[in-house]
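Visitor: Handing over structure.cif, mmCIF, C-alpha atoms and all ligand atoms.
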```
data_my_file
loop_
_atom_site.label_atom_id
_atom_site.label_comp_id
_atom_site.auth_asym_id
_atom_site.auth_seq_id
_atom_site.Cartn_x
_atom_site.Cartn_y
_atom_site.Cartn_z
CA MET A 1 113.04 95.70 120.14
CA ARG A 2 109.76 97.51 119.57
CA ILE A 3 110.48 101.16 118.86
CA SER A 4 107.59 103.64 118.66
CA ASP A 5 106.11 104.51 115.24
CA ARG A 6 106.99 108.12 115.97
CA LEU A 7 110.68 107.26 115.99
CA SER A 8 110.69 104.82 113.12
CA ARG A 9 109.40 107.64 110.88
CA LEU A 10 112.19 109.97 112.02
CA LYS A 11 115.25 110.30 109.78
CA PRO A 12 118.68 110.09 111.41
CA SER A 13 120.76 113.25 111.19
CA ALA A 14 122.60 113.38 107.86
CA THR A 15 125.42 115.42 109.34
CA LEU A 16 126.09 112.60 111.78
CA ALA A 17 126.20 110.10 108.88
CA VAL A 18 129.01 112.06 107.19
CA ASN A 19 130.97 112.22 110.43
CA THR A 20 130.61 108.47 110.93
CA LYS A 21 131.97 107.75 107.44
CA ALA A 22 134.84 110.18 108.01
CA GLN A 23 135.66 108.44 111.29
CA GLU A 24 135.70 105.05 109.54
CA LEU A 25 138.20 106.34 106.99
CA ARG A 26 140.32 107.91 109.72
CA ALA A 27 140.35 104.58 111.56
CA GLN A 28 141.77 103.05 108.37
CA GLY A 29 144.63 105.56 108.57
CA ARG A 30 143.35 108.07 105.97
CA GLU A 31 143.90 111.75 106.64
CA ILE A 32 140.51 113.45 106.46
CA VAL A 33 139.89 117.19 106.52
CA SER A 34 136.46 118.16 107.72
CA LEU A 35 134.70 121.06 106.06
CA ALA A 36 131.53 119.63 107.57
CA VAL A 37 131.92 121.26 110.95
CA GLY A 38 129.13 123.32 112.45
CA GLN A 39 131.16 125.12 115.07
CA PRO A 40 133.86 127.83 115.16
CA ASP A 41 137.44 126.57 115.34
CA PHE A 42 138.21 129.09 118.12
CA GLY A 43 138.23 128.32 121.84
CA THR A 44 135.78 129.58 124.45
CA PRO A 45 137.15 132.88 125.84
CA LYS A 46 139.20 132.40 129.00
CA HIS A 47 137.15 134.74 131.19
CA VAL A 48 134.11 132.58 130.46
CA SER A 49 135.86 129.31 131.33
CA ASP A 50 137.22 130.99 134.47
CA ALA A 51 133.69 131.90 135.51
CA ALA A 52 132.61 128.27 135.19
CA LYS A 53 135.60 127.15 137.26
CA ALA A 54 134.80 129.72 139.93
CA ALA A 55 131.19 128.51 140.01
CA LEU A 56 132.36 124.94 140.53
CA ASP A 57 134.81 125.99 143.26
CA GLU A 58 132.02 127.86 145.01
CA GLY A 59 129.86 124.74 144.93
CA PHE A 60 127.32 126.13 142.47
CA THR A 61 126.51 122.60 141.38
CA ARG A 62 122.89 122.03 142.28
CA TYR A 63 119.54 122.28 140.52
CA THR A 64 118.62 125.78 139.47
CA PRO A 65 115.20 127.17 138.52
CA VAL A 66 114.06 125.41 135.31
CA PRO A 67 113.99 128.51 133.04
CA GLY A 68 117.42 129.64 134.22
CA ILE A 69 119.11 131.53 137.06
CA PRO A 70 117.64 135.04 137.44
CA GLU A 71 120.87 136.85 136.54
CA LEU A 72 121.20 134.90 133.27
CA ARG A 73 117.60 135.60 132.30
CA GLU A 74 118.32 139.29 133.06
CA ALA A 75 121.45 139.10 130.88
CA VAL A 76 119.49 137.57 128.00
CA ALA A 77 116.89 140.32 128.20
CA ALA A 78 119.66 142.95 128.36
CA TYR A 79 121.32 141.40 125.26
CA TYR A 80 118.42 142.62 123.13
CA GLY A 81 118.79 146.11 124.53
CA ARG A 82 122.56 146.15 124.13
CA PHE A 83 122.65 145.01 120.52
CA TYR A 84 119.24 145.85 119.11
CA GLY A 85 117.77 148.59 121.30
CA ALA A 86 114.80 146.42 122.30
CA THR A 87 113.34 146.36 125.80
CA ALA A 88 112.66 142.95 127.33
CA LYS A 89 112.12 141.59 130.85
CA ALA A 90 113.89 138.63 132.42
CA ASP A 91 110.49 136.89 132.63
CA ASN A 92 110.44 136.81 128.83
CA ALA A 93 113.65 134.80 128.65
CA ILE A 94 114.01 131.06 129.12
CA VAL A 95 117.36 129.30 128.96
CA SER A 96 117.60 125.81 127.48
CA ASN A 97 120.19 123.29 126.33
CA GLY A 98 121.34 125.15 123.24
CA GLY A 99 119.29 126.71 120.50
CA LYS A 100 118.26 123.17 119.63
CA GLN A 101 116.23 122.54 122.76
CA VAL A 102 114.75 126.02 122.51
CA LEU A 103 113.44 125.21 119.03
CA TYR A 104 112.12 121.84 120.15
CA ASN A 105 110.32 123.36 123.13
CA LEU A 106 108.87 126.12 120.99
CA LEU A 107 107.47 123.71 118.43
CA MET A 108 106.06 121.42 121.13
CA ALA A 109 104.42 124.43 122.76
CA LEU A 110 102.98 125.95 119.59
CA VAL A 111 102.04 123.16 117.19
CA ASN A 112 98.90 121.02 117.36
CA PRO A 113 98.60 117.81 115.34
CA GLY A 114 98.06 118.69 111.68
CA ASP A 115 99.12 122.32 112.01
CA GLU A 116 101.28 123.47 109.13
CA VAL A 117 104.69 125.00 109.70
CA LEU A 118 106.28 126.92 106.83
CA VAL A 119 109.98 126.25 106.44
CA PRO A 120 111.91 128.02 103.67
CA ALA A 121 114.35 125.56 102.05
CA PRO A 122 117.26 125.10 102.30
CA TYR A 123 116.67 124.80 106.03
CA TRP A 124 118.59 123.78 109.13
CA VAL A 125 118.51 119.98 109.34
CA SER A 126 116.50 119.58 112.52
CA TYR A 127 113.43 121.73 111.75
CA PRO A 128 111.48 119.08 109.80
CA ALA A 129 112.24 116.35 112.33
CA MET A 130 111.18 118.55 115.24
CA ILE A 131 107.96 119.53 113.47
CA GLU A 132 107.25 115.86 112.89
CA LEU A 133 107.84 115.07 116.56
CA ALA A 134 105.32 117.80 117.40
CA GLU A 135 102.90 116.06 114.95
CA GLY A 136 102.81 119.12 112.74
CA ARG A 137 103.13 119.18 108.96
CA CYS A 138 106.34 120.65 107.58
CA VAL A 139 105.59 122.69 104.45
CA THR A 140 108.84 123.57 102.74
CA VAL A 141 109.06 126.68 100.58
CA PRO A 142 111.89 126.27 98.05
CA THR A 143 114.18 129.23 97.35
CA ASP A 144 117.04 129.54 94.88
CA ALA A 145 120.69 130.52 94.78
CA GLU A 146 120.04 133.35 92.30
CA HIS A 147 118.04 135.10 95.05
CA ASP A 148 120.50 134.25 97.84
CA PHE A 149 118.17 131.49 99.03
CA LEU A 150 115.91 134.10 100.64
CA VAL A 151 112.16 133.59 100.73
CA THR A 152 109.77 136.34 99.62
CA VAL A 153 106.36 137.31 100.94
CA GLU A 154 104.87 136.16 97.62
CA GLN A 155 106.36 132.68 97.99
CA LEU A 156 105.12 132.46 101.58
CA GLU A 157 101.65 133.61 100.60
CA ALA A 158 101.52 130.96 97.87
CA ALA A 159 102.33 128.28 100.47
CA ARG A 160 99.91 129.52 103.15
CA THR A 161 96.68 127.63 103.89
CA ASP A 162 94.03 127.79 106.62
CA ARG A 163 96.17 125.43 108.68
CA THR A 164 99.36 127.50 108.57
CA ARG A 165 100.29 128.31 112.17
CA VAL A 166 104.03 128.90 112.28
CA LEU A 167 106.86 130.14 110.05
CA ILE A 168 110.47 129.37 110.89
CA LEU A 169 112.96 131.98 109.71
CA ASN A 170 116.71 131.62 110.07
CA SER A 171 119.07 134.52 109.46
CA PRO A 172 122.03 134.21 109.05
CA SER A 173 121.22 130.83 107.62
CA ASN A 174 122.68 127.44 108.18
CA PRO A 175 123.40 126.06 105.52
CA THR A 176 123.65 129.09 103.19
CA GLY A 177 125.14 131.83 105.39
CA CYS A 178 122.73 134.22 103.63
CA CYS A 179 121.05 136.98 105.62
CA TYR A 180 117.81 138.88 105.27
CA THR A 181 118.02 142.65 105.38
CA GLN A 182 116.05 144.33 108.17
CA ASP A 183 113.62 145.54 105.53
CA GLN A 184 113.01 142.05 104.15
CA LEU A 185 112.53 140.63 107.64
CA ASP A 186 110.10 143.41 108.56
CA GLN A 187 108.05 142.82 105.42
CA ILE A 188 107.74 139.14 106.23
CA ALA A 189 106.80 139.99 109.82
CA GLN A 190 103.99 142.29 108.61
CA TRP A 191 102.69 139.56 106.30
CA ALA A 192 102.77 137.03 109.16
CA LEU A 193 100.98 139.44 111.48
CA LYS A 194 98.24 140.02 108.94
CA HIS A 195 97.62 136.28 108.54
CA ASP A 196 98.08 135.28 112.18
CA VAL A 197 101.16 133.20 111.42
CA PHE A 198 103.51 132.93 114.41
CA ILE A 199 107.20 133.46 113.56
CA ILE A 200 110.01 131.52 115.18
CA SER A 201 113.07 133.59 114.33
CA ASP A 202 116.19 131.47 114.67
CA GLU A 203 118.91 134.04 115.20
CA VAL A 204 121.64 131.84 116.68
CA TYR A 205 124.24 133.26 114.27
CA ASP A 206 123.12 136.87 114.77
CA ARG A 207 126.51 138.24 115.88
CA LEU A 208 128.34 136.57 112.99
CA VAL A 209 127.40 139.06 110.27
CA TYR A 210 130.09 140.68 108.16
CA ALA A 211 130.22 144.43 107.52
CA PRO A 212 128.93 146.31 105.68
CA ALA A 213 125.95 144.01 106.22
CA LYS A 214 124.20 144.48 109.57
CA PRO A 215 122.44 141.82 111.66
CA ALA A 216 118.71 141.78 111.00
CA THR A 217 116.50 140.75 113.89
CA LEU A 218 112.88 140.59 114.92
CA ALA A 219 113.78 142.00 118.36
CA LYS A 220 111.97 145.29 117.74
CA PHE A 221 109.01 143.49 116.19
CA TRP A 222 108.87 141.22 119.24
CA GLU A 223 108.82 144.29 121.49
CA THR A 224 105.62 145.53 119.87
CA HIS A 225 104.10 142.11 119.03
CA PRO A 226 105.27 139.66 121.71
CA GLU A 227 102.33 137.35 120.97
CA SER A 228 103.33 137.00 117.32
CA CYS A 229 106.90 135.81 117.39
CA ALA A 230 109.67 134.27 119.48
CA LEU A 231 113.39 134.81 119.05
CA VAL A 232 115.91 132.01 119.40
CA GLY A 233 119.45 132.89 120.47
CA ALA A 234 122.49 130.99 121.67
CA LEU A 235 126.09 131.43 122.74
CA SER A 236 127.10 128.30 120.79
CA LYS A 237 128.27 129.89 117.56
CA SER A 238 128.84 133.57 118.40
CA PHE A 239 130.84 132.88 121.53
CA CYS A 240 132.46 129.53 120.64
CA MET A 241 130.47 127.71 123.31
CA THR A 242 128.86 124.80 121.43
CA GLY A 243 129.59 122.30 124.21
CA TRP A 244 128.24 124.47 127.01
CA ARG A 245 124.67 124.11 125.77
CA ILE A 246 123.38 127.60 126.31
CA GLY A 247 120.48 128.79 124.19
CA TRP A 248 117.47 130.91 124.96
CA ALA A 249 114.14 132.13 123.72
CA LEU A 250 112.72 135.59 124.01
CA ALA A 251 108.99 135.05 124.10
CA ALA A 252 105.66 136.15 125.59
CA ASP A 253 105.07 135.27 129.27
CA ASP A 254 102.57 132.48 128.46
CA LEU A 255 104.90 130.88 125.96
CA VAL A 256 107.85 131.04 128.34
CA LYS A 257 105.69 129.30 130.96
CA ALA A 258 104.60 126.64 128.45
CA MET A 259 108.19 125.98 127.43
CA GLY A 260 109.18 125.83 131.09
CA LYS A 261 106.53 123.14 131.59
CA ILE A 262 108.03 120.97 128.82
CA GLN A 263 111.56 121.57 130.04
CA GLY A 264 110.55 120.92 133.65
CA GLN A 265 109.21 117.48 132.67
CA SER A 266 112.12 116.58 130.41
CA THR A 267 115.54 118.03 131.17
CA SER A 268 115.02 120.65 133.92
CA ASN A 269 117.66 123.36 134.11
CA VAL A 270 120.73 123.79 131.94
CA SER A 271 123.96 122.85 133.76
CA SER A 272 124.32 125.25 136.70
CA PHE A 273 127.94 126.30 136.08
CA SER A 274 127.34 126.74 132.33
CA GLN A 275 124.69 129.25 133.30
CA LYS A 276 127.13 131.20 135.48
CA ALA A 277 129.66 131.26 132.64
CA ALA A 278 126.98 132.31 130.15
CA THR A 279 126.01 135.24 132.39
CA VAL A 280 129.61 136.45 132.34
CA ALA A 281 129.80 135.97 128.55
CA LEU A 282 126.62 137.92 127.91
CA ASN A 283 127.43 140.78 130.27
CA GLY A 284 131.11 141.13 129.34
CA SER A 285 133.15 142.17 126.33
CA TRP A 286 132.24 140.87 122.87
CA ASP A 287 135.59 141.84 121.31
CA ILE A 288 136.43 138.20 120.70
CA VAL A 289 133.58 138.02 118.22
CA ASP A 290 135.04 140.89 116.20
CA GLU A 291 138.40 139.10 116.05
CA MET A 292 136.73 135.91 114.92
CA LYS A 293 134.79 137.78 112.27
CA VAL A 294 137.99 139.09 110.69
CA ALA A 295 139.19 135.50 110.21
CA PHE A 296 135.81 134.25 108.97
CA LEU A 297 135.48 137.06 106.46
CA ARG A 298 138.94 136.33 105.04
CA ARG A 299 138.13 132.64 104.76
CA ARG A 300 134.76 133.29 103.21
CA ASP A 301 136.51 135.22 100.45
CA ILE A 302 139.15 132.52 99.95
CA ALA A 303 136.53 129.79 99.72
CA HIS A 304 134.13 131.77 97.57
CA GLU A 305 136.84 132.60 95.06
CA ILE A 306 137.92 128.97 94.69
CA ILE A 307 134.37 127.59 94.50
CA THR A 308 133.19 130.11 91.92
CA SER A 309 136.36 129.44 89.87
CA TRP A 310 134.81 125.99 89.24
CA GLY A 311 131.95 127.78 87.48
CA ALA A 312 129.53 127.00 90.33
CA VAL A 313 126.72 129.36 91.28
CA CYS A 314 127.29 130.35 94.90
CA PRO A 315 125.89 133.36 96.73
CA LYS A 316 128.52 135.29 98.68
CA PRO A 317 126.83 135.29 102.06
CA ASP A 318 127.08 137.95 104.74
CA GLY A 319 126.96 135.69 107.77
CA ALA A 320 127.72 132.44 109.63
CA PHE A 321 130.61 130.31 108.30
CA TYR A 322 129.08 128.30 105.48
CA LEU A 323 128.91 128.39 101.70
CA PHE A 324 126.22 126.50 99.82
CA PRO A 325 127.14 126.28 96.13
CA VAL A 326 124.95 124.68 93.47
CA LEU A 327 127.04 121.75 92.24
CA ASP A 328 124.55 119.49 90.48
CA ARG A 329 126.19 120.11 87.10
CA PHE A 330 129.13 118.08 88.44
CA TYR A 331 127.02 115.09 89.49
CA THR A 332 127.88 111.94 87.52
CA ASP A 333 126.40 108.49 86.84
CA ASP A 334 128.32 107.06 89.77
CA ALA A 335 127.51 110.08 91.98
CA PRO A 336 124.08 111.29 90.82
CA ASP A 337 123.07 113.27 93.92
CA SER A 338 124.55 115.32 96.73
CA ALA A 339 124.90 112.39 99.16
CA THR A 340 126.76 110.11 96.73
CA MET A 341 128.86 113.06 95.55
CA CYS A 342 129.86 113.81 99.15
CA THR A 343 130.84 110.16 99.64
CA LYS A 344 132.90 110.28 96.43
CA ILE A 345 134.62 113.50 97.54
CA LEU A 346 135.29 112.01 100.97
CA GLU A 347 136.81 108.88 99.48
CA GLN A 348 138.80 110.52 96.69
CA ALA A 349 139.77 113.91 98.15
CA GLY A 350 139.68 113.04 101.86
CA VAL A 351 137.38 116.02 102.53
CA ALA A 352 134.16 115.71 104.52
CA LEU A 353 131.25 117.89 103.39
CA VAL A 354 127.53 117.81 104.08
CA PRO A 355 125.13 116.89 101.25
CA GLY A 356 122.55 119.52 100.37
CA SER A 357 119.80 116.89 100.63
CA ALA A 358 120.20 117.09 104.43
CA PHE A 359 119.07 120.72 104.16
CA GLY A 360 116.31 120.13 101.62
CA ASP A 361 118.24 121.07 98.45
CA ASP A 362 119.90 118.20 96.62
CA ARG A 363 121.50 120.51 94.03
CA CYS A 364 123.90 121.87 96.61
CA ILE A 365 126.65 120.83 99.03
CA ARG A 366 127.49 122.67 102.24
CA PHE A 367 131.05 123.84 102.88
CA SER A 368 132.01 125.10 106.33
CA TYR A 369 134.99 127.43 106.51
CA ALA A 370 135.62 127.03 110.23
CA VAL A 371 139.18 125.78 109.54
CA ASP A 372 142.47 127.64 109.07
CA ASP A 373 143.25 129.34 105.75
CA ASP A 374 145.83 126.83 104.47
CA THR A 375 143.70 123.81 105.31
CA LEU A 376 140.75 125.48 103.63
CA ARG A 377 142.69 126.23 100.44
CA SER A 378 144.20 122.77 100.04
CA ALA A 379 140.93 120.98 100.90
CA LEU A 380 139.01 123.02 98.34
CA GLU A 381 141.61 122.38 95.69
CA ALA A 382 141.31 118.65 96.33
CA VAL A 383 137.50 118.89 96.06
CA GLY A 384 137.81 120.85 92.79
CA ASN A 385 140.02 118.11 91.36
CA VAL A 386 137.36 115.46 92.06
CA LEU A 387 134.55 117.57 90.63
CA MET A 388 136.38 118.51 87.47
CA LYS A 389 137.84 115.10 86.73
C1 LIG B 401 120.41 127.40 112.40
C2 LIG B 401 120.70 126.71 113.67
N1 LIG B 401 119.80 126.77 114.65
C3 LIG B 401 120.01 126.18 115.84
C4 LIG B 401 121.15 125.45 116.06
C5 LIG B 401 121.33 124.80 117.41
O1 LIG B 401 122.36 125.39 118.09
P1 LIG B 401 122.85 124.90 119.52
O2 LIG B 401 124.19 124.27 119.31
O3 LIG B 401 122.91 126.13 120.35
O4 LIG B 401 121.86 123.93 120.04
C6 LIG B 401 122.11 125.32 115.07
C7 LIG B 401 123.31 124.50 115.27
O5 LIG B 401 123.97 124.07 114.36
C8 LIG B 401 121.89 125.98 113.83
O6 LIG B 401 122.78 125.92 112.84
#
```
Write the structure described by the file as structure tokens, please.

Guide:
Amino acid sequence: MRISDRLSRLKPSATLAVNTKAQELRAQGREIVSLAVGQPDFGTPKHVSDAAKAALDEGFTRYTPVPGIPELREAVAAYYGRFYGATAKADNAIVSNGGKQVLYNLLMALVNPGDEVLVPAPYWVSYPAMIELAEGRCVTVPTDAEHDFLVTVEQLEAARTDRTRVLILNSPSNPTGCCYTQDQLDQIAQWALKHDVFIISDEVYDRLVYAPAKPATLAKFWETHPESCALVGALSKSFCMTGWRIGWALAADDLVKAMGKIQGQSTSNVSSFSQKAATVALNGSWDIVDEMKVAFLRRRDIAHEIITSWGAVCPKPDGAFYLFPVLDRFYTDDAPDSATMCTKILEQAGVALVPGSAFGDDRCIRFSYAVDDDTLRSALEAVGNVLMK
């Protein structure tokens, strides 16, 4: 079969590779605990599922406008007022199949061949692949655990060239869970503005930030500089709706139209009844998120205590549900990098993790704590035994 050059250059998703190996072992009868998951272990709130059922019963099962039903676009715009005090219009919102399609559409709409896109590393797995598909050049900017894996204006300036067009920021971060403060984010925004670098701010974990830390957002910056940034949001993580495929961008009118053009020629609208459910989620109570945060915070502390007891450097992050410790001092001749170490841990401890190389930092391994407390404790103890053998 002749597959296009574009695709043969593209790397398969490393997170999928871990899951495949874990499934193989499970098929052989091994009990495998997954700390590789990228979704909350809580269910979608009932009132949201009920809204989808009602939509189906009412026959709301046909095509909708490509950028989303008007009431959902209104609800997205209102979200930024409700949580961040920013004013936005429904016309500035476009709803896509998860944050993932939003990011893809944004990059396709913004990047010309050869344009450089700055991506602080560690980064979410799909950014480099999407940039490549848009024929841009991914310029990674390495950060380190000692500084909570946060990029500085100085580091960005050192990586900037005449071809730099876009910067992708992600706070809270997948894979590190680390968050920028509002001040840090604002400083980066001012730098970007000065150098005409467009910011894609991936804020899909924005509601999963643990007090006393507060969510930082470019919502207010967008309000005053809509031509200079776009915000990416989703219900996937914050509202336990990964399978519903609801994400959105808040962007300037022209950019929303451009993204609508791509979406209109590729996938059209997001599932009609998912959109109805998402409208109810966005407009209703967010108490469920507070309950979930109590559990995540407790688990973060459990996991952080165990991991640092190994002597590993690991920032204690304020958001999402991941820890990203530096574990290269435990790498061995038979497991000299994060991928082989993850395979060894999977085989010997029965715990699935994601190698840091998938996120652009081979010194680290990603641990998700979206599992119950006891499972988390016993899985981490088993991992510690392999590392310290
Ligand atoms: C940082 C980040 N951005 C975007 C996404 C995509 O989210 P969605 O499931 O809404 O497509 C993910 C999902 O893992 C993510 O971690």

Visitor: Find, counting only C-alpha atoms, the residue in A:Thr20, A:Gln187, A:Ser13, A:Ser228 that gets nearest to Ala358 of chain A.

Guide: A:Ser13

Visitor: Considering only C-alpha atoms, return as a list in words whatever protein or nucleic-acid residues lie within 6 Å of segment 199-210 of chain A, sequence-local ones (same chain, fewer than 4 positions apart) excluded.

Guide: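 Final neighbour list, sorted by chain and number: Val166, Leu167, Ile168, Leu169, Asn170, Ser171, Pro172, Pro215, Cys229, Ala230, Leu231, Val232, Gly233, Ala234, Ser238, Asp318, Gly319 and Ala320 of chain A.
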
Visitor: Which residues of chain A come within 10 Å of ligand LIG 401 (chain B), and what is each one's closest atom pair and distance in Å (one decimal), counting only C-alpha atoms and all ligand atoms, sorted by chain and residue number, as a Markdown table?

Guide:
```
| residue | atom | partner | partner_atom | distance |
| --- | --- | --- | --- | --- |
| A:Val37 | CA | B:LIG401 | O5 | 9.1 |
| A:Gly38 | CA | B:LIG401 | O5 | 5.6 |
| A:Gln39 | CA | B:LIG401 | O5 | 7.3 |
| A:Ser96 | CA | B:LIG401 | O4 | 8.8 |
| A:Asn97 | CA | B:LIG401 | O4 | 6.5 |
| A:Gly98 | CA | B:LIG401 | O3 | 3.4 |
| A:Gly99 | CA | B:LIG401 | O3 | 3.7 |
| A:Lys100 | CA | B:LIG401 | O4 | 3.7 |
| A:Gln101 | CA | B:LIG401 | O4 | 6.4 |
| A:Val102 | CA | B:LIG401 | O4 | 7.8 |
| A:Leu103 | CA | B:LIG401 | C3 | 7.4 |
| A:Tyr104 | CA | B:LIG401 | O4 | 10.0 |
| A:Tyr123 | CA | B:LIG401 | C1 | 7.8 |
| A:Trp124 | CA | B:LIG401 | C1 | 5.2 |
| A:Val125 | CA | B:LIG401 | O6 | 8.1 |
| A:Ser126 | CA | B:LIG401 | C3 | 8.2 |
| A:Tyr127 | CA | B:LIG401 | N1 | 8.6 |
| A:Leu169 | CA | B:LIG401 | C1 | 9.1 |
| A:Asn170 | CA | B:LIG401 | C1 | 6.1 |
| A:Ser171 | CA | B:LIG401 | C1 | 7.8 |
| A:Pro172 | CA | B:LIG401 | C1 | 7.8 |
| A:Ser173 | CA | B:LIG401 | C1 | 5.9 |
| A:Asn174 | CA | B:LIG401 | C1 | 4.8 |
| A:Pro175 | CA | B:LIG401 | O6 | 7.3 |
| A:Thr176 | CA | B:LIG401 | C1 | 9.9 |
| A:Gly177 | CA | B:LIG401 | C1 | 9.5 |
| A:Ser201 | CA | B:LIG401 | N1 | 9.6 |
| A:Asp202 | CA | B:LIG401 | N1 | 5.9 |
| A:Glu203 | CA | B:LIG401 | N1 | 7.3 |
| A:Val204 | CA | B:LIG401 | N1 | 5.8 |
| A:Tyr205 | CA | B:LIG401 | C1 | 7.2 |
| A:Val232 | CA | B:LIG401 | C3 | 8.0 |
| A:Gly233 | CA | B:LIG401 | O3 | 7.6 |
| A:Ala234 | CA | B:LIG401 | O3 | 5.1 |
| A:Leu235 | CA | B:LIG401 | O3 | 6.6 |
| A:Ser236 | CA | B:LIG401 | O3 | 4.7 |
| A:Lys237 | CA | B:LIG401 | O3 | 7.1 |
| A:Ser238 | CA | B:LIG401 | O3 | 9.7 |
| A:Cys240 | CA | B:LIG401 | O2 | 9.9 |
| A:Met241 | CA | B:LIG401 | O2 | 8.2 |
| A:Thr242 | CA | B:LIG401 | O2 | 5.2 |
| A:Gly243 | CA | B:LIG401 | O2 | 7.6 |
| A:Trp244 | CA | B:LIG401 | O3 | 8.7 |
| A:Arg245 | CA | B:LIG401 | O3 | 6.0 |
| A:Ile246 | CA | B:LIG401 | O3 | 6.2 |
| A:Gly247 | CA | B:LIG401 | O3 | 5.3 |
| A:Trp248 | CA | B:LIG401 | O3 | 8.6 |
| A:Ala320 | CA | B:LIG401 | O6 | 8.8 |
| A:Tyr322 | CA | B:LIG401 | O6 | 10.0 |
```

Visitor: Write out, as a Markdown table, each residue of segment 162-242 of chain A that has an atom at most 9 Å from segment 133-148 of chain A, together with the closest pair of atoms and their distance in Å to one decimal, counting all atoms listed in the file, rows going by chain and rising number.

Guide:
```
| residue | atom | partner | partner_atom | distance |
| --- | --- | --- | --- | --- |
| A:Thr164 | CA | A:Val139 | CA | 8.9 |
| A:Thr176 | CA | A:Asp148 | CA | 8.1 |
| A:Cys178 | CA | A:Asp148 | CA | 6.2 |
| A:Cys179 | CA | A:Asp148 | CA | 8.3 |
```

Visitor: May I ask for the distance between atom CA of Val289 of chain A and atom CA of Leu35 of chain A, given in Å to one decimal place?

Guide: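 Spanning atom CA of Val289 of chain A to atom CA of Leu35 of chain A is a straight-line distance of 20.9 Å.
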
Visitor: Using only C-alpha atoms, determine which residues lie at most 9 Å from Ala52 of chain A, disregarding the query and same-chain residues fewer than 6 positions distant; provide the list as a list in words.

Guide: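 Within the cut-off, the hits are Ser272, Phe273, Ser274, Gln275, Lys276, Ala277 and Ala278 of chain A.
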